[in-house]
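Take a look at the structure below.
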Amino acid sequence: MVRVMFVCLGNICRSPTAHGVFEAKLRETGLAELVEVESSGTGSWHVGEAPDKRASKHAAKRGYDLSPLRAQQVQINDFYRFDYILAMDEANRRDLSEMMPEDAKAKLELFLSYTSLPETEVPDPYYGGDAGFEHVLDLVESASDGLLQEIKRALR
Ligand code: 4NP
């Protein structure tokens, strides 16, 4: 079993999008039983909430269902439970690295390290418009393909 956690600030826009997209790709490739996926936020403001309506709407247009997801906040224990903790931006990575125990099991990385696109961060779409949510999906789909290749290698 490989365990992956996607992390952003609020866990209502970017990381639930990554969660839904990556789970869909795991199902398509028959790997859903071998990989466990969760997402969380470094902040606690939205704990218990469903994903942002705009994130859900844009995801649904591409066939991804985010409706079962609920926001949670990263816990110290997550650094021992997960193999990959994937941050959406540098601020998320910095916050996570400050929390990360020295004997953590997880590999902490920027999610976009799994794409060859020039972008290194998934920009926060919360205060922007539709284009921001579409851009998040483009970046997340690309990095999910790269992560899938990495995990296939790890499972071999
Ligand atoms: P996310 O977006 O980190 O992609 O979930 C945000 C959601 C909420 C807030 C900031 C970013 N907020 O400040 O409430």
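Scheme for the structure tokens: letters A, B, ... for chains in order shown; per-chain residue numbers from 1; ligand numbers from 1 in order shown.
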
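Residue-level DSSP output for chain A, from the backbone, shows strand (DSSP E or B) at Val2, Arg3, Val4, Met5, Phe6, Val7, Cys8, Val35, Glu36, Val37, Glu38, Ser39, Ser40, Gly41, Gln73, Tyr84, Ile85, Leu86, Ala87, Lys107, Leu108, Glu109 and Leu110 of chain A.
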
May I have the residues from that selection written out with C-alpha atoms, as an mmCIF file, in the first residue's frame?
```cif
data_model
loop_
_atom_site.group_PDB
_atom_site.id
_atom_site.type_symbol
_atom_site.label_atom_id
_atom_site.label_comp_id
_atom_site.auth_asym_id
_atom_site.auth_seq_id
_atom_site.Cartn_x
_atom_site.Cartn_y
_atom_site.Cartn_z
ATOM 1 C CA VAL A 2 1.235 3.484 -0.889
ATOM 2 C CA ARG A 3 -0.283 6.455 0.931
ATOM 3 C CA VAL A 4 -0.464 9.953 -0.559
ATOM 4 C CA MET A 5 -1.655 13.188 1.053
ATOM 5 C CA PHE A 6 -2.211 16.417 -0.887
ATOM 6 C CA VAL A 7 -1.922 19.612 1.151
ATOM 7 C CA CYS A 8 -2.904 23.243 0.544
ATOM 8 C CA VAL A 35 -2.962 3.550 -3.188
ATOM 9 C CA GLU A 36 -4.696 5.432 -0.394
ATOM 10 C CA VAL A 37 -5.338 9.142 -0.971
ATOM 11 C CA GLU A 38 -6.276 11.912 1.428
ATOM 12 C CA SER A 39 -6.019 15.689 1.418
ATOM 13 C CA SER A 40 -5.721 18.306 4.136
ATOM 14 C CA GLY A 41 -4.979 21.935 4.853
ATOM 15 C CA GLN A 73 -6.197 19.930 8.991
ATOM 16 C CA TYR A 84 4.140 11.177 0.080
ATOM 17 C CA ILE A 85 3.010 14.557 1.416
ATOM 18 C CA LEU A 86 2.593 16.837 -1.583
ATOM 19 C CA ALA A 87 2.379 20.590 -1.050
ATOM 20 C CA LYS A 107 8.646 12.384 1.662
ATOM 21 C CA LEU A 108 7.659 16.102 1.601
ATOM 22 C CA GLU A 109 7.639 17.552 -1.912
ATOM 23 C CA LEU A 110 6.002 20.165 -4.091
#
```

Ligand 1 neighbours within 8 Å using only C-alpha atoms and all ligand atoms, as a ChimeraX atom specification: /A:7-16,41,45-46,51-52,88,123-127

Distance criterion (only C-alpha atoms): nearest to A:Lys25 out of A:Asp130, A:Glu150, A:Asp145, A:Asp83: A:Asp145

Please report as a Markdown table every residue of stretch 30-73 of chain A lying within 9 Å of stretch 132-140 of chain A, along with the nearest atom pair and their distance in Å (one decimal), using only C-alpha atoms.
```
| residue | atom | partner | partner_atom | distance |
| --- | --- | --- | --- | --- |
| A:Arg54 | CA | A:Phe133 | CA | 7.4 |
| A:Ala55 | CA | A:Phe133 | CA | 6.2 |
| A:His58 | CA | A:Phe133 | CA | 6.6 |
| A:Ala59 | CA | A:Leu137 | CA | 7.2 |
| A:Arg62 | CA | A:Leu137 | CA | 8.8 |
```

If you keep C-alpha atoms, can you produce a file of those selected residues as a PDB file, in the first residue's frame?
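Ended up saving to part.pdb:
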```pdb
ATOM      1  CA  ARG A  54     -16.382  26.766  -7.626  1.00  0.00           C
ATOM      2  CA  ALA A  55     -13.738  24.043  -7.270  1.00  0.00           C
ATOM      3  CA  HIS A  58     -14.987  23.161 -12.453  1.00  0.00           C
ATOM      4  CA  ALA A  59     -13.914  19.644 -11.435  1.00  0.00           C
ATOM      5  CA  ARG A  62     -14.075  17.491 -16.359  1.00  0.00           C
TER       6      ARG A  62
END
```

Residue nearest A:Tyr64 among A:Glu23, A:Thr120, A:Gly128, A:Ala143 (counting only C-alpha atoms):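 Looking at the shortest contact to A:Tyr64, the residue is A:Glu23.
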
Residue list (helix (DSSP H, G or I), DSSP) for stretch 20-118 of chain A, as a PyMOL selection string: chain A and resi 20-28+53-61+78-81+90-99+111-114

Best match for closeness to A:Glu28 among A:Val122, A:Leu117, A:Ala104, A:Leu148, counting only C-alpha atoms: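 Among A:Val122, A:Leu117, A:Ala104, A:Leu148, it is A:Leu148 that comes nearest to A:Glu28.
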
Point-to-point distance from atom CA of A:Pro101 to atom CA of A:Asp89, Å rounded to tenths: 20.1 Å

Contacts of A:Leu34 within 6 Å, only C-alpha atoms, excl. fewer than 2 positions in-chain, as a list of chain:residue names: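 What passes the distance filter is A:Met1, A:Leu31, A:Ala32.
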
Between atom CA of A:Asp78 and atom CA of A:Ala106 - distance in Å to one decimal: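 Separation of atom CA of A:Ala106 and atom CA of A:Asp78: 8.1 Å.
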
Pairwise distance for atom CA of A:Phe79 and atom CA of A:Met100, rounded to one decimal in Å: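 Straight-line distance from atom CA of A:Phe79 to atom CA of A:Met100 works out to 6.5 Å.
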
Using only C-alpha atoms: which of A:Ser56, A:Met99, A:Glu90, A:Val21 has the shortest distance to A:Val74: A:Met99
